[in-house]
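Text of upload.tsv, listed as TSV, C-alpha atoms:
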```
chain	number	residue	atom	x	y	z
A	139	MET	CA	85.87	94.84	96.83
A	140	LEU	CA	87.09	97.99	95.10
A	141	THR	CA	85.20	100.07	92.55
A	142	LEU	CA	87.30	100.25	89.39
A	143	SER	CA	84.84	102.08	87.14
A	144	GLY	CA	81.89	104.41	87.50
A	145	ARG	CA	80.66	107.91	86.78
A	146	VAL	CA	82.29	111.08	87.96
A	147	VAL	CA	80.21	113.25	90.29
A	148	GLN	CA	81.04	116.48	88.51
A	149	MET	CA	83.21	117.42	85.56
A	150	SER	CA	83.77	120.46	83.38
A	151	GLN	CA	82.01	119.90	80.08
A	152	ALA	CA	83.97	122.78	78.61
A	153	VAL	CA	87.16	120.73	78.75
A	154	ALA	CA	85.70	117.24	78.24
A	155	PRO	CA	88.06	115.38	75.87
A	156	ALA	CA	86.85	113.94	72.58
A	157	ARG	CA	88.18	110.55	73.67
A	158	ARG	CA	89.09	108.86	76.93
A	159	GLN	CA	91.97	110.73	78.53
A	160	LEU	CA	94.60	109.20	80.83
A	161	PHE	CA	95.90	110.88	83.96
A	162	LEU	CA	98.94	109.96	86.08
A	163	LEU	CA	98.07	110.95	89.65
A	164	ALA	CA	100.23	112.79	92.15
A	165	THR	CA	99.64	113.48	95.84
A	166	ASN	CA	102.95	115.17	96.61
A	167	PRO	CA	102.41	118.95	96.76
A	168	CYS	CA	106.19	119.44	96.68
A	169	LEU	CA	106.64	117.77	93.30
A	170	PRO	CA	109.08	119.81	91.20
A	171	ALA	CA	107.29	122.26	88.92
A	172	VAL	CA	108.86	120.73	85.81
A	173	LEU	CA	107.05	117.44	86.51
A	174	ARG	CA	103.64	118.85	87.33
A	175	SER	CA	102.38	119.61	83.83
A	176	ASN	CA	102.26	115.89	82.97
A	177	ARG	CA	100.39	114.85	86.13
A	178	ALA	CA	97.00	115.33	87.77
A	179	PHE	CA	96.92	116.31	91.44
A	180	LEU	CA	94.75	114.28	93.81
A	181	VAL	CA	93.30	116.74	96.30
A	182	THR	CA	93.11	115.47	99.87
A	183	GLU	CA	93.58	118.42	102.23
A	184	GLY	CA	95.73	121.47	102.83
A	185	VAL	CA	97.36	123.73	100.26
A	186	ILE	CA	96.70	122.89	96.61
A	187	PRO	CA	99.80	123.54	94.48
A	188	ALA	CA	99.56	125.17	91.07
A	189	GLY	CA	100.91	123.86	87.78
A	190	PHE	CA	99.26	120.44	87.47
A	191	SER	CA	97.43	119.49	84.27
A	192	HIS	CA	94.24	118.54	86.13
A	193	TYR	CA	92.85	118.16	89.63
A	194	PHE	CA	90.73	115.39	91.15
A	195	SER	CA	88.70	115.60	94.34
A	196	PHE	CA	86.71	112.95	96.21
A	197	ASP	CA	84.03	115.23	97.70
A	198	SER	CA	83.55	118.60	96.01
A	199	ILE	CA	85.42	121.21	94.05
A	200	PRO	CA	87.72	122.95	96.57
A	201	ASP	CA	87.45	126.70	97.10
A	202	ASN	CA	91.22	127.13	97.07
A	203	LEU	CA	91.96	125.74	93.60
A	204	PRO	CA	94.68	127.61	91.69
A	205	ASP	CA	93.41	130.15	89.17
A	206	GLY	CA	92.29	128.50	85.93
A	207	ALA	CA	92.58	124.96	87.33
A	208	VAL	CA	90.16	122.30	86.13
A	209	CYS	CA	88.85	119.87	88.74
A	210	THR	CA	86.82	116.66	88.45
A	211	VAL	CA	84.93	115.30	91.45
A	212	ILE	CA	85.12	111.48	91.43
A	213	GLY	CA	83.39	110.48	94.69
A	214	GLN	CA	84.39	108.43	97.72
A	215	ASP	CA	84.22	105.11	95.84
A	216	PHE	CA	87.66	106.00	94.46
A	217	ASN	CA	89.24	107.15	97.72
A	218	TYR	CA	91.80	104.34	97.45
A	219	LEU	CA	93.59	106.14	94.60
A	220	ALA	CA	97.12	107.20	95.44
A	221	GLU	CA	100.48	108.42	94.13
A	222	ASN	CA	101.41	107.09	90.66
A	223	ASP	CA	98.00	105.52	90.03
A	224	ILE	CA	96.53	106.05	86.56
A	225	VAL	CA	92.90	106.75	85.71
A	226	ALA	CA	91.01	107.29	82.47
A	227	VAL	CA	88.16	109.77	82.10
A	228	GLY	CA	85.89	109.90	79.07
A	229	ALA	CA	83.74	112.66	77.62
A	230	ASP	CA	80.72	110.59	78.71
A	231	GLY	CA	81.64	111.12	82.35
A	232	ARG	CA	82.92	107.59	82.92
A	233	ILE	CA	86.04	107.09	85.02
A	234	ARG	CA	88.09	103.91	85.25
A	235	SER	CA	91.08	102.99	87.36
A	236	LEU	CA	93.63	101.53	84.93
A	237	TYR	CA	96.71	101.10	87.11
A	238	ARG	CA	97.35	101.04	90.88
A	239	ALA	CA	100.98	101.46	91.82
A	240	ASN	CA	100.74	99.52	95.08
A	241	SER	CA	98.71	96.60	93.75
A	242	PRO	CA	100.05	93.28	92.40
A	243	HIS	CA	96.82	92.82	90.42
A	244	ASN	CA	97.13	95.20	87.47
A	245	ALA	CA	95.59	93.85	84.25
A	246	ILE	CA	95.36	95.62	80.90
A	247	LEU	CA	92.46	94.69	78.61
A	248	ILE	CA	93.66	95.16	75.02
A	249	THR	CA	90.70	93.68	73.12
A	250	GLU	CA	87.27	92.18	73.71
A	251	ARG	CA	87.51	90.01	70.58
A	252	CYS	CA	88.25	86.29	70.84
A	253	ASN	CA	88.31	83.20	68.60
A	254	ASN	CA	87.10	81.01	71.49
A	255	TYR	CA	83.68	81.21	73.09
A	256	CYS	CA	84.30	79.47	76.41
A	257	LEU	CA	81.33	78.23	78.41
A	258	MET	CA	82.63	79.96	81.54
A	259	CYS	CA	84.23	83.07	80.02
A	260	SER	CA	84.33	85.87	82.59
A	261	GLN	CA	84.84	88.49	79.85
A	262	PRO	CA	82.35	87.47	77.12
A	263	PRO	CA	83.84	88.26	73.70
A	264	LYS	CA	82.44	90.94	71.43
A	265	ASP	CA	82.86	91.19	67.67
A	266	VAL	CA	83.67	94.89	67.70
A	267	SER	CA	86.28	97.29	66.40
A	268	ASP	CA	88.26	98.06	69.54
A	269	GLU	CA	91.74	98.88	68.31
A	270	TRP	CA	91.61	101.94	70.55
A	271	LEU	CA	92.12	99.65	73.56
A	272	ILE	CA	95.60	98.59	72.50
A	273	ASP	CA	96.44	102.18	71.54
A	274	GLU	CA	95.41	103.21	75.05
A	275	ALA	CA	97.50	100.38	76.53
A	276	MET	CA	100.56	101.72	74.70
A	277	GLU	CA	99.85	105.16	76.12
A	278	LEU	CA	99.35	103.70	79.59
A	279	ILE	CA	102.71	101.95	79.85
A	280	ARG	CA	104.47	105.18	78.92
A	281	LEU	CA	102.86	106.80	81.98
A	282	VAL	CA	103.70	104.02	84.46
A	283	PRO	CA	106.88	105.01	86.37
A	284	ARG	CA	109.88	103.17	84.93
A	285	HIS	CA	111.08	101.98	88.34
A	286	THR	CA	107.93	99.85	88.75
A	287	ALA	CA	109.01	96.39	89.85
A	288	THR	CA	105.60	94.76	90.24
A	289	SER	CA	103.92	92.48	87.71
A	290	MET	CA	101.31	93.34	85.09
A	291	CYS	CA	98.92	91.24	83.06
A	292	ILE	CA	97.82	91.53	79.42
A	293	THR	CA	94.35	90.11	78.91
A	294	GLY	CA	91.31	90.13	76.65
A	295	GLY	CA	89.39	88.73	74.78
A	296	GLU	CA	92.30	87.10	73.07
A	297	PRO	CA	95.30	89.49	73.08
A	298	THR	CA	97.09	87.80	70.17
A	299	ILE	CA	94.19	88.66	67.84
A	300	CYS	CA	95.81	92.09	67.73
A	301	GLY	CA	98.64	90.52	65.71
A	302	ASP	CA	101.67	92.72	65.16
A	303	SER	CA	100.21	95.37	67.50
A	304	PHE	CA	100.32	92.77	70.29
A	305	ILE	CA	103.97	92.03	69.47
A	306	LYS	CA	104.76	95.75	69.55
A	307	LEU	CA	103.01	96.11	72.92
A	308	VAL	CA	105.20	93.38	74.44
A	309	GLY	CA	108.21	95.22	73.02
A	310	ASP	CA	107.02	98.48	74.56
A	311	PHE	CA	106.74	96.77	77.94
A	312	LYS	CA	110.35	95.66	77.62
A	313	ARG	CA	111.46	99.15	76.57
A	314	TYR	CA	109.50	101.35	78.99
A	315	LEU	CA	109.10	99.03	82.01
A	316	PRO	CA	112.30	96.97	82.12
A	317	HIS	CA	111.80	95.87	85.75
A	318	THR	CA	108.15	94.80	85.41
A	319	SER	CA	107.29	91.14	84.96
A	320	LEU	CA	104.57	90.43	82.40
A	321	HIS	CA	101.87	87.75	82.39
A	322	ILE	CA	99.90	87.25	79.17
A	323	LEU	CA	96.56	85.42	79.24
A	324	SER	CA	96.02	83.75	75.86
A	325	ASN	CA	94.25	80.70	74.46
A	326	GLY	CA	97.52	79.92	72.68
A	327	ARG	CA	96.01	79.28	69.25
A	328	SER	CA	97.80	82.11	67.45
A	329	PHE	CA	101.14	80.64	68.49
A	330	ALA	CA	100.34	77.57	66.39
A	331	ASP	CA	101.55	79.84	63.58
A	332	ARG	CA	105.27	79.24	63.92
A	333	GLU	CA	106.18	82.59	62.40
A	334	PHE	CA	103.98	84.43	64.93
A	335	ALA	CA	105.59	82.48	67.77
A	336	ARG	CA	109.01	83.39	66.38
A	337	LYS	CA	108.11	87.11	66.24
A	338	TYR	CA	106.92	86.99	69.83
A	339	SER	CA	110.07	85.27	71.04
A	340	ALA	CA	112.26	87.70	69.09
A	341	VAL	CA	111.10	90.51	71.40
A	342	SER	CA	113.22	88.80	74.08
A	343	HIS	CA	111.33	90.20	77.02
A	344	PRO	CA	113.39	89.17	80.08
A	345	ASP	CA	110.46	88.27	82.34
A	346	VAL	CA	107.30	87.22	80.54
A	347	MET	CA	105.04	84.17	80.74
A	348	VAL	CA	102.03	83.14	78.65
A	349	GLY	CA	99.16	81.53	80.57
A	350	ILE	CA	97.36	79.11	78.24
A	351	PRO	CA	94.27	77.05	79.19
A	352	VAL	CA	94.08	73.31	78.50
A	353	TYR	CA	90.83	71.87	79.79
A	354	SER	CA	91.10	68.19	78.98
A	355	SER	CA	93.36	65.52	77.55
A	356	ASP	CA	90.42	64.70	75.27
A	357	PRO	CA	90.44	67.09	72.29
A	358	THR	CA	86.67	66.84	71.90
A	359	ARG	CA	86.08	67.83	75.52
A	360	HIS	CA	88.48	70.77	75.31
A	361	ASP	CA	86.88	71.98	72.08
A	362	TYR	CA	83.44	71.72	73.68
A	363	VAL	CA	84.47	73.81	76.68
A	364	VAL	CA	85.96	76.53	74.48
A	365	GLN	CA	83.23	76.14	71.81
A	366	ALA	CA	85.72	76.07	68.93
A	367	LYS	CA	86.38	73.08	66.72
A	368	GLY	CA	90.07	72.25	66.32
A	369	ALA	CA	91.07	74.52	69.21
A	370	PHE	CA	92.81	71.74	71.17
A	371	ASP	CA	95.24	70.92	68.36
A	372	GLU	CA	96.08	74.59	67.80
A	373	THR	CA	96.53	75.22	71.52
A	374	ILE	CA	98.92	72.30	72.00
A	375	GLN	CA	100.86	73.26	68.86
A	376	GLY	CA	101.06	76.81	70.17
A	377	ILE	CA	102.56	75.58	73.44
A	378	LEU	CA	105.06	73.41	71.56
A	379	ASN	CA	106.12	76.33	69.35
A	380	LEU	CA	106.56	78.67	72.30
A	381	LYS	CA	108.72	76.17	74.14
A	382	GLU	CA	110.74	75.49	70.99
A	383	PHE	CA	111.66	79.17	71.03
A	384	GLY	CA	112.51	79.07	74.73
A	385	GLN	CA	109.47	80.96	75.99
A	386	ARG	CA	107.88	80.49	79.41
A	387	VAL	CA	104.44	78.86	79.41
A	388	GLU	CA	101.89	78.30	82.16
A	389	VAL	CA	99.08	75.78	81.65
A	390	ARG	CA	95.82	76.96	83.25
A	391	VAL	CA	92.88	74.70	84.05
A	392	VAL	CA	89.52	76.00	85.26
A	393	VAL	CA	87.93	73.22	87.30
A	394	HIS	CA	84.16	72.80	86.89
A	395	LYS	CA	81.62	70.10	86.10
A	396	GLN	CA	82.88	69.70	82.52
A	397	THR	CA	86.56	69.38	83.47
A	398	CYS	CA	86.84	67.94	87.00
A	399	GLU	CA	86.19	64.31	86.06
A	400	GLY	CA	89.09	64.31	83.62
A	401	LEU	CA	91.45	66.37	85.79
A	402	SER	CA	93.64	63.45	86.84
A	403	ALA	CA	93.91	62.24	83.24
A	404	LEU	CA	94.85	65.77	82.16
A	405	ALA	CA	97.59	65.87	84.80
A	406	GLU	CA	98.95	62.57	83.42
A	407	PHE	CA	98.74	63.99	79.87
A	408	ILE	CA	100.77	67.02	80.90
A	409	THR	CA	103.46	64.87	82.53
A	410	ARG	CA	103.75	62.72	79.40
A	411	ASN	CA	103.49	65.35	76.70
A	412	LEU	CA	104.12	68.79	78.22
A	413	LEU	CA	106.66	68.04	80.93
A	414	PHE	CA	108.62	71.10	79.87
A	415	VAL	CA	105.95	73.69	80.76
A	416	ASP	CA	107.01	76.12	83.46
A	417	GLN	CA	104.02	75.74	85.75
A	418	VAL	CA	100.43	74.51	85.99
A	419	VAL	CA	97.59	76.37	87.69
A	420	LEU	CA	94.37	74.64	88.77
A	421	MET	CA	91.69	77.28	89.19
A	422	GLY	CA	88.25	77.53	90.75
A	423	LEU	CA	85.28	78.82	88.78
A	424	GLU	CA	84.45	82.54	88.65
A	425	MET	CA	80.70	83.07	88.81
A	426	THR	CA	80.38	85.81	86.24
A	427	GLY	CA	80.06	86.33	82.50
A	428	PHE	CA	78.96	83.21	80.61
A	429	THR	CA	79.23	81.10	83.78
A	430	ARG	CA	75.96	82.52	85.05
A	431	ALA	CA	74.18	81.56	81.84
A	432	ASN	CA	75.67	78.04	81.87
A	433	LEU	CA	75.55	77.46	85.61
A	434	ASP	CA	73.70	74.14	85.46
A	435	SER	CA	76.37	72.74	83.14
A	436	LEU	CA	79.33	74.13	85.09
A	437	TRP	CA	78.73	74.46	88.82
A	438	ILE	CA	79.98	71.75	91.11
A	439	ASP	CA	80.69	72.19	94.79
A	440	PRO	CA	84.50	72.17	95.26
A	441	VAL	CA	84.09	69.76	98.15
A	442	GLU	CA	82.89	67.15	95.63
A	443	TYR	CA	86.15	67.17	93.67
A	444	LYS	CA	88.68	67.90	96.41
A	445	ASP	CA	90.10	64.36	96.22
A	446	ILE	CA	90.47	64.66	92.45
A	447	LEU	CA	92.23	67.99	92.97
A	448	SER	CA	94.59	66.34	95.45
A	449	ASP	CA	95.36	63.59	92.96
A	450	ALA	CA	96.13	66.06	90.16
A	451	VAL	CA	98.44	68.09	92.42
A	452	GLN	CA	100.23	64.91	93.52
A	453	VAL	CA	100.72	63.68	89.94
A	454	LEU	CA	102.15	67.01	88.73
A	455	SER	CA	104.33	67.46	91.80
A	456	SER	CA	105.75	63.97	91.49
A	457	TYR	CA	107.17	64.99	88.11
A	458	ASN	CA	108.58	68.23	89.58
A	459	ILE	CA	106.17	70.41	87.62
A	460	PRO	CA	105.44	73.52	89.69
A	461	VAL	CA	101.71	73.51	90.44
A	462	SER	CA	99.45	76.06	92.13
A	463	VAL	CA	95.82	75.98	93.21
A	464	TYR	CA	93.92	79.25	92.72
A	465	ASN	CA	90.45	80.54	93.57
A	466	HIS	CA	89.44	77.99	96.20
A	467	PRO	CA	88.45	78.59	99.83
A	468	LEU	CA	91.10	77.03	102.04
A	469	CYS	CA	88.59	74.91	103.98
A	470	LEU	CA	87.40	73.20	100.77
A	471	VAL	CA	90.74	71.67	99.78
A	472	ASN	CA	92.50	68.72	101.40
A	473	PRO	CA	95.51	69.44	103.65
A	474	ASP	CA	97.88	67.88	101.09
A	475	VAL	CA	96.94	70.64	98.61
A	476	GLU	CA	98.00	73.45	100.93
A	477	LYS	CA	101.60	73.31	99.70
A	478	ALA	CA	100.27	74.43	96.29
A	479	TYR	CA	97.62	76.82	97.60
A	480	VAL	CA	97.78	80.50	96.55
A	481	ARG	CA	95.68	83.47	97.66
A	482	SER	CA	95.07	84.47	94.08
A	483	ILE	CA	91.86	86.46	93.70
A	484	SER	CA	92.51	90.07	92.72
A	485	ASP	CA	91.94	92.48	95.59
A	486	TRP	CA	89.35	94.49	93.68
A	487	LYS	CA	86.98	91.52	93.39
A	488	ASN	CA	87.82	89.56	96.54
A	489	GLU	CA	85.27	88.96	99.33
A	490	TYR	CA	84.52	86.52	102.14
A	491	ALA	CA	81.27	84.80	103.07
A	492	PRO	CA	79.56	85.57	106.39
A	493	GLU	CA	80.62	82.10	107.56
A	494	CYS	CA	84.27	83.16	107.21
A	495	MET	CA	84.16	85.99	109.72
A	496	GLY	CA	85.28	83.90	112.70
A	497	CYS	CA	87.73	81.68	110.84
A	498	ALA	CA	91.14	81.44	112.48
A	499	ARG	CA	92.87	81.07	109.10
A	500	LYS	CA	91.05	83.76	107.16
A	501	HIS	CA	94.34	85.62	106.66
A	502	GLU	CA	95.68	82.57	104.78
A	503	CYS	CA	92.55	82.02	102.66
A	504	GLY	CA	91.85	83.46	99.23
A	505	GLY	CA	88.13	83.68	99.92
A	506	PHE	CA	85.73	84.17	97.03
A	507	PHE	CA	85.14	86.23	93.94
A	508	SER	CA	82.56	88.88	94.75
A	509	SER	CA	80.38	87.33	92.04
A	510	GLY	CA	80.51	84.03	93.93
A	511	ILE	CA	79.20	85.69	97.07
A	512	GLN	CA	76.34	87.29	95.12
A	513	HIS	CA	75.24	84.23	93.16
A	514	GLY	CA	75.82	81.34	95.52
A	515	TYR	CA	78.71	79.35	96.96
A	516	SER	CA	79.47	76.06	98.64
A	517	GLN	CA	77.38	75.22	101.67
A	518	SER	CA	80.23	73.01	102.92
A	519	LEU	CA	82.34	75.82	104.37
A	520	LYS	CA	84.00	74.79	107.63
A	521	PRO	CA	85.75	77.75	109.26
A	522	PHE	CA	88.93	76.81	111.10
A	523	SER	CA	88.73	77.24	114.86
```
Translate the structure of the given file into structure tokens.
Amino acid sequence: MLTLSGRVVQMSQAVAPARRQLFLLATNPCLPAVLRSNRAFLVTEGVIPAGFSHYFSFDSIPDNLPDGAVCTVIGQDFNYLAENDIVAVGADGRIRSLYRANSPHNAILITERCNNYCLMCSQPPKDVSDEWLIDEAMELIRLVPRHTATSMCITGGEPTICGDSFIKLVGDFKRYLPHTSLHILSNGRSFADREFARKYSAVSHPDVMVGIPVYSSDPTRHDYVVQAKGAFDETIQGILNLKEFGQRVEVRVVVHKQTCEGLSALAEFITRNLLFVDQVVLMGLEMTGFTRANLDSLWIDPVEYKDILSDAVQVLSSYNIPVSVYNHPLCLVNPDVEKAYVRSISDWKNEYAPECMGCARKHECGGFFSSGIQHGYSQSLKPFS
């Protein structure tokens, strides 16, 4: 598990910014001088070149810094940082890794507000004024090198709550990062407004998909899981509007005690009513956020629903709907699910249980969320020999 945020070890208070400041990192001491003023140099060893806007060190302030250079010591927890990564440092001494050039798991939080209140939300919503987050996101994508060909994720809260600013952000992605695929995590309700769906589609991003959760074919059950009356109808209408405008949509289902019993019925519902969606993802539970408070209502050992999971995958596959299974240990799914199995957990929060150490297929397995290791996991693990 990687440390994405923490406190710097030492920073110059004399130059502490009034707000969080973003830095594009460089490790190449031979970078042309004209490019140095817009980058921060990551000190590792050897000669430290002059001309960079800032300097970062893992251990201590080097003795051979260029005259007048400002250096922040960030500690060994961040020693994974590399060329073209982006960090943010605040006047309060907090540092956060915002973008890692060599990672496929870059997500940008643009708001903590949400109009759902899901029982298992991993990012509990806050009713706060946080417009600065989307402003920072717009600054961030201008720093990411244009040649970036990886994927990035927009998440929240509920990103579409930002309204026209969200639409503009998608447009900025298209403009500044034309080779980067974009995945947007949304509850889909804002797209029930046909005009909003039209504005979104008018951006014409060439490689974007919206991941929208549907938790049950029963509207009452879905609304209970998301704790918002009428949410099911708005979500389905949002999906219909997006597809009317030719947009790519992924249906996401978190499988837990409140949703597993109806999973097969939901798969049938999707084949009858949403056959045109681009893919379906069946996801294991992340043991963080609201999940920990609602554990008795949510937790079920994956081994108890593995046959239901198999049935749902079979139903969706039989209608040629692309289906993937995320966030499950490989030994807790039936062999017939392996064709849909994906190692999906982001590298910065991915761990394995002690029982996994001798498993012959560990390299194929997605393992656990770090929160799952800390707060309990299935006792039915059966490492492959």
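Here atom CA of A:Thr429 is placed at a distance of 11.6 Å from atom CA of A:Tyr255.
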List as JSON lines every residue of stretch 195-274 of chain A that is in contact with stretch 350-355 of chain A, defined as an atom at most 12 Å from one of its atoms (using only C-alpha atoms), together with the nearest atom pair and the distance in Å rounded to one decimal, sorted by chain and then rising number.
```
{"residue": "A:Asn254", "atom": "CA", "partner": "A:Pro351", "partner_atom": "CA", "distance": 11.2}
{"residue": "A:Cys256", "atom": "CA", "partner": "A:Tyr353", "partner_atom": "CA", "distance": 10.6}
{"residue": "A:Leu257", "atom": "CA", "partner": "A:Tyr353", "partner_atom": "CA", "distance": 11.5}
{"residue": "A:Met258", "atom": "CA", "partner": "A:Tyr353", "partner_atom": "CA", "distance": 11.7}
{"residue": "A:Cys259", "atom": "CA", "partner": "A:Pro351", "partner_atom": "CA", "distance": 11.7}
```
Long-range neighbours of stretch 501-518 of chain A as JSON, numbers by chain, 10 Å cut-off, all atoms listed in the file, 2 positions minimum in chain: {"A": [139, 422, 423, 424, 425, 426, 427, 430, 437, 438, 439, 440, 441, 442, 464, 465, 466, 467, 468, 469, 470, 479, 480, 481, 482, 483, 484, 485, 486, 487, 488, 489, 490, 491, 492, 493, 494, 497, 498, 499, 520, 521]}
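Our summary of the geometry notes that atom CA of A:Leu271 is positioned 18.8 Å from atom CA of A:His243.
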For atom CA of A:Gly228 and atom CA of A:Leu160, the interatomic separation in Å (one decimal): 8.9 Å
Which residues are near A:Thr182? Cut-off 12 Å, all atoms listed in the file, ignore same chain within fewer than 6 positions. Put them as a tab-separated table (two decimals) with C-alpha atoms, in the frame of the given file.
```tsv
chain	number	residue	atom	x	y	z
A	164	ALA	CA	100.23	112.79	92.15
A	165	THR	CA	99.64	113.48	95.84
A	166	ASN	CA	102.95	115.17	96.61
A	167	PRO	CA	102.41	118.95	96.76
A	193	TYR	CA	92.85	118.16	89.63
A	194	PHE	CA	90.73	115.39	91.15
A	195	SER	CA	88.70	115.60	94.34
A	196	PHE	CA	86.71	112.95	96.21
A	197	ASP	CA	84.03	115.23	97.70
A	198	SER	CA	83.55	118.60	96.01
A	199	ILE	CA	85.42	121.21	94.05
A	200	PRO	CA	87.72	122.95	96.57
A	211	VAL	CA	84.93	115.30	91.45
A	214	GLN	CA	84.39	108.43	97.72
A	217	ASN	CA	89.24	107.15	97.72
A	218	TYR	CA	91.80	104.34	97.45
A	219	LEU	CA	93.59	106.14	94.60
A	220	ALA	CA	97.12	107.20	95.44
A	221	GLU	CA	100.48	108.42	94.13
```
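Nearest to A:Lys395 of all the residues A:Thr409, A:Arg359, A:Gly376, A:Leu236 is A:Arg359, counting all atoms listed in the file.
The shell of residues at most 7 Å from A:Ala478, with all atoms listed in the file counted and near chain neighbours (fewer than 3 positions) removed, consists of Val461, Ser462, Val463 and Val475 of chain A.
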Counting all atoms listed in the file, what is within 10 Å of A:Val308, bar same-chain residues fewer than 2 positions away, as a PDB file with C-alpha atoms, in the coordinates of the input?
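The result, written out as around39.pdb:
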```pdb
ATOM      1  CA  MET A 276     100.560 101.720  74.700  1.00  0.00           C
ATOM      2  CA  ILE A 292      97.820  91.530  79.420  1.00  0.00           C
ATOM      3  CA  ASP A 302     101.670  92.720  65.160  1.00  0.00           C
ATOM      4  CA  SER A 303     100.210  95.370  67.500  1.00  0.00           C
ATOM      5  CA  PHE A 304     100.320  92.770  70.290  1.00  0.00           C
ATOM      6  CA  ILE A 305     103.970  92.030  69.470  1.00  0.00           C
ATOM      7  CA  LYS A 306     104.760  95.750  69.550  1.00  0.00           C
ATOM      8  CA  ASP A 310     107.020  98.480  74.560  1.00  0.00           C
ATOM      9  CA  PHE A 311     106.740  96.770  77.940  1.00  0.00           C
ATOM     10  CA  LYS A 312     110.350  95.660  77.620  1.00  0.00           C
ATOM     11  CA  ARG A 313     111.460  99.150  76.570  1.00  0.00           C
ATOM     12  CA  LEU A 320     104.570  90.430  82.400  1.00  0.00           C
ATOM     13  CA  ILE A 322      99.900  87.250  79.170  1.00  0.00           C
ATOM     14  CA  TYR A 338     106.920  86.990  69.830  1.00  0.00           C
ATOM     15  CA  VAL A 341     111.100  90.510  71.400  1.00  0.00           C
ATOM     16  CA  SER A 342     113.220  88.800  74.080  1.00  0.00           C
ATOM     17  CA  HIS A 343     111.330  90.200  77.020  1.00  0.00           C
ATOM     18  CA  VAL A 346     107.300  87.220  80.540  1.00  0.00           C
TER      19      VAL A 346
END
```
Contacts of A:Cys398 at 9 Å (all atoms listed in the file; same-chain gap of 5+ positions) as a list of chain:residue names: A:Val392, A:Val393, A:Ile438, A:Tyr443, A:Ile446, A:Leu447
Residues just named, written with C-alpha atoms as an mmCIF file, in the coordinates of the input:
```cif
data_model
loop_
_atom_site.group_PDB
_atom_site.id
_atom_site.type_symbol
_atom_site.label_atom_id
_atom_site.label_comp_id
_atom_site.auth_asym_id
_atom_site.auth_seq_id
_atom_site.Cartn_x
_atom_site.Cartn_y
_atom_site.Cartn_z
ATOM 1 C CA VAL A 392 89.520 76.000 85.260
ATOM 2 C CA VAL A 393 87.930 73.220 87.300
ATOM 3 C CA ILE A 438 79.980 71.750 91.110
ATOM 4 C CA TYR A 443 86.150 67.170 93.670
ATOM 5 C CA ILE A 446 90.470 64.660 92.450
ATOM 6 C CA LEU A 447 92.230 67.990 92.970
#
```
Counting all atoms listed in the file, the option among A:Asn411, A:Ser523, A:Thr397, A:Gln148 closest to A:Asp230: A:Gln148
